[in-house]
Amino acid sequence: MTKDAAGEKGSFSGKDYQDPPPEPLFDATELGRWSFYRALIAEFIATLLFLYVTVMTVIGYKSQTDPTLNPDQCAGVGVLGIAWAFGGMIFILVYCTAGISGGHINPAVTFGLFLARKVTLVRAVMYMVAQCLGAICGVALVKSFQSSYYTRYGGGANGLTHGYSIGTGVAAEIIGTFVLVYTVFSATDPKRSARDSHVPVLAPLPIGFAVFIVHLATIPITGTGINPARSLGAAIIYNKDQAWDHHWIFWVGPFAGAALAAFYHQFVLRAGAVKALGSFRSQSHV
């Protein structure tokens, strides 16, 4: 009797949460739904606003600490303020768009969720396109409003800081994106939502904090990419050699970090490999 009860408790049928079924690899019917295009618009606008506020913050800080304009080198928001701008905007925008598009605002996040079968290939590709276009438009707005300072202060473009090796830059982007995407998976995990339903914690809050913390750690190394759309938008509008010299780092690093986070969460923490093997064995016995 005790053994039966213990077995029942450990069975999947007794769990108090429901894992959503994996999304199909390709679903052409999405292209005929207004909700799909509404989600694309939400991703475009969110990424536009994200780049506008954050790059404007970077340019403003650099202008305020320019020794030729202001002898007070403690003026401006500082690195801490820049990190808060990035983390705070992600918190706000994920909160606003999560119910419409999922609030990705980052091709690396979309890529990680695609690998975990949370979104289809069609949605993943179109989200990335919308995010990149939004980033380009957001930085273009910054340039139009700050034309006198934009080019002088680097256009908010990412780049490998002098003194750091390419390997260090790639590692910083991989680890930083891993932290972000791992947080996204954990904050939106249905198992956590069911277990911690008594704890009123918004999913966007830890995601925003992850972005904030990662920026504190990696701004001195790469300026912090962890978002290929953010890096691409700034590089295209700034369009100087230094913005393109190591631009590949800001795609390879984030995508690798997202893939590692997806694998770790799905196949280690959630034992996806064990479940898949058990399902295969049960089917083979039928």
# chains A, B, ... in the order shown; residues from 1 in each chain; ligands from 1
call {"tool": "residues_around", "arguments": {"residues": "Ala262 in chain A", "least_positions_apart": "5", "cutoff": "12 Å", "atoms": "only C-alpha atoms", "output": "ChimeraX atom specification"}}
result
/A:108-118,177-186,255-257,267-272
call {"tool": "residues_around", "arguments": {"residues": "Phe209 in chain A", "least_positions_apart": "2", "cutoff": "8 Å", "atoms": "only C-alpha atoms", "output": "number ranges by chain"}}
result
A: 87-88, 91, 205-207, 211-213
call {"tool": "write_last_selection", "arguments": {"atoms": "all heavy atoms", "output": "short mmCIF file (atom, residue, chain, number, x, y, z; two decimals), in the first residue's frame"}}
result
data_model
loop_
_atom_site.label_atom_id
_atom_site.label_comp_id
_atom_site.auth_asym_id
_atom_site.auth_seq_id
_atom_site.Cartn_x
_atom_site.Cartn_y
_atom_site.Cartn_z
N GLY A 87 18.52 46.68 -18.24
CA GLY A 87 17.72 45.74 -17.45
C GLY A 87 16.31 46.24 -17.21
O GLY A 87 15.34 45.48 -17.30
N GLY A 88 16.19 47.54 -16.93
CA GLY A 88 14.87 48.11 -16.67
C GLY A 88 13.98 48.10 -17.90
O GLY A 88 12.78 47.81 -17.81
N PHE A 91 12.69 44.60 -18.44
CA PHE A 91 11.59 44.32 -17.50
C PHE A 91 10.28 44.94 -17.99
O PHE A 91 9.24 44.28 -18.04
CB PHE A 91 11.95 44.86 -16.12
CG PHE A 91 10.79 44.88 -15.16
CD1 PHE A 91 10.23 43.70 -14.72
CD2 PHE A 91 10.27 46.08 -14.71
CE1 PHE A 91 9.14 43.71 -13.84
CE2 PHE A 91 9.19 46.11 -13.83
CZ PHE A 91 8.63 44.91 -13.40
N LEU A 205 10.53 40.27 -14.05
CA LEU A 205 11.44 40.84 -13.05
C LEU A 205 12.79 40.13 -13.02
O LEU A 205 13.84 40.79 -13.16
CB LEU A 205 10.78 40.83 -11.68
CG LEU A 205 11.58 41.48 -10.55
CD1 LEU A 205 11.85 42.94 -10.86
CD2 LEU A 205 10.81 41.37 -9.22
N PRO A 206 12.84 38.80 -12.85
CA PRO A 206 14.16 38.15 -12.89
C PRO A 206 14.85 38.25 -14.24
O PRO A 206 16.08 38.29 -14.31
CB PRO A 206 13.84 36.69 -12.54
CG PRO A 206 12.39 36.51 -12.81
CD PRO A 206 11.76 37.85 -12.53
N ILE A 207 14.07 38.32 -15.32
CA ILE A 207 14.68 38.46 -16.65
C ILE A 207 15.37 39.82 -16.76
O ILE A 207 16.50 39.93 -17.24
CB ILE A 207 13.61 38.29 -17.75
CG1 ILE A 207 13.05 36.86 -17.71
CG2 ILE A 207 14.20 38.59 -19.13
CD1 ILE A 207 11.84 36.64 -18.61
N VAL A 211 19.55 40.68 -17.16
CA VAL A 211 20.16 41.60 -18.13
C VAL A 211 20.99 42.65 -17.41
O VAL A 211 22.11 42.97 -17.82
CB VAL A 211 19.07 42.27 -19.00
CG1 VAL A 211 19.66 43.38 -19.87
CG2 VAL A 211 18.36 41.23 -19.86
N PHE A 212 20.48 43.17 -16.31
CA PHE A 212 21.20 44.17 -15.51
C PHE A 212 22.54 43.62 -15.00
O PHE A 212 23.60 44.24 -15.17
CB PHE A 212 20.31 44.60 -14.35
CG PHE A 212 21.03 45.37 -13.27
CD1 PHE A 212 21.56 46.62 -13.53
CD2 PHE A 212 21.16 44.83 -12.00
CE1 PHE A 212 22.22 47.33 -12.53
CE2 PHE A 212 21.81 45.54 -11.00
CZ PHE A 212 22.34 46.79 -11.26
N ILE A 213 22.51 42.44 -14.39
CA ILE A 213 23.71 41.85 -13.81
C ILE A 213 24.74 41.53 -14.89
O ILE A 213 25.95 41.78 -14.73
CB ILE A 213 23.36 40.58 -13.01
CG1 ILE A 213 22.48 40.93 -11.80
CG2 ILE A 213 24.61 39.85 -12.57
CD1 ILE A 213 23.14 41.86 -10.80
#
call {"tool": "residues_around", "arguments": {"residues": "Ala157 in chain A", "least_positions_apart": "5", "cutoff": "8 Å", "atoms": "only C-alpha atoms", "output": "count of residues only"}}
result
6
call {"tool": "atom_distance", "arguments": {"atom1": "CA of Gly138 in chain A", "atom2": "CA of Gly253 in chain A"}}
result
22.9 Å
call {"tool": "select_by_dssp", "arguments": {"residues": "range 100-239 of chain A", "states": "alpha helix (DSSP H)", "output": "ChimeraX atom specification"}}
result
/A:107-115,121-145,166-187,190-195,204-222,228-238
call {"tool": "closest_residue", "arguments": {"among": "A:Ser63, A:Ser148, A:Asn239, A:Thr188", "to": "Ala98 in chain A", "atoms": "only C-alpha atoms"}}
result
A:Thr188
call {"tool": "atom_distance", "arguments": {"atom1": "CA of Ala124 in chain A", "atom2": "CA of Cys96 in chain A"}}
result
19.6 Å
call {"tool": "residues_around", "arguments": {"residues": "Ala171 in chain A", "least_positions_apart": "2", "cutoff": "10 Å", "atoms": "only C-alpha atoms", "output": "list of chain:residue names"}}
result
A:Ser165, A:Ile166, A:Gly167, A:Thr168, A:Gly169, A:Glu173, A:Ile174, A:Ile175, A:Gly176, A:Thr177, A:Ile249, A:Gly253, A:Pro254, A:Ala256, A:Gly257
call {"tool": "residues_around", "arguments": {"residues": "Leu93 in chain A", "least_positions_apart": "3", "cutoff": "12 Å", "atoms": "only C-alpha atoms", "output": "JSON, numbers by chain"}}
result
{"A": [42, 43, 44, 45, 46, 47, 48, 49, 50, 51, 53, 85, 86, 87, 88, 89, 90, 96, 97, 98, 99, 100, 101, 102, 103, 104, 105, 106, 203, 204, 205, 207, 208]}
call {"tool": "closest_residue", "arguments": {"among": "A:Gly233, A:Pro24, A:Gly76, A:Pro190", "to": "Val139 in chain A", "atoms": "only C-alpha atoms"}}
result
A:Gly233
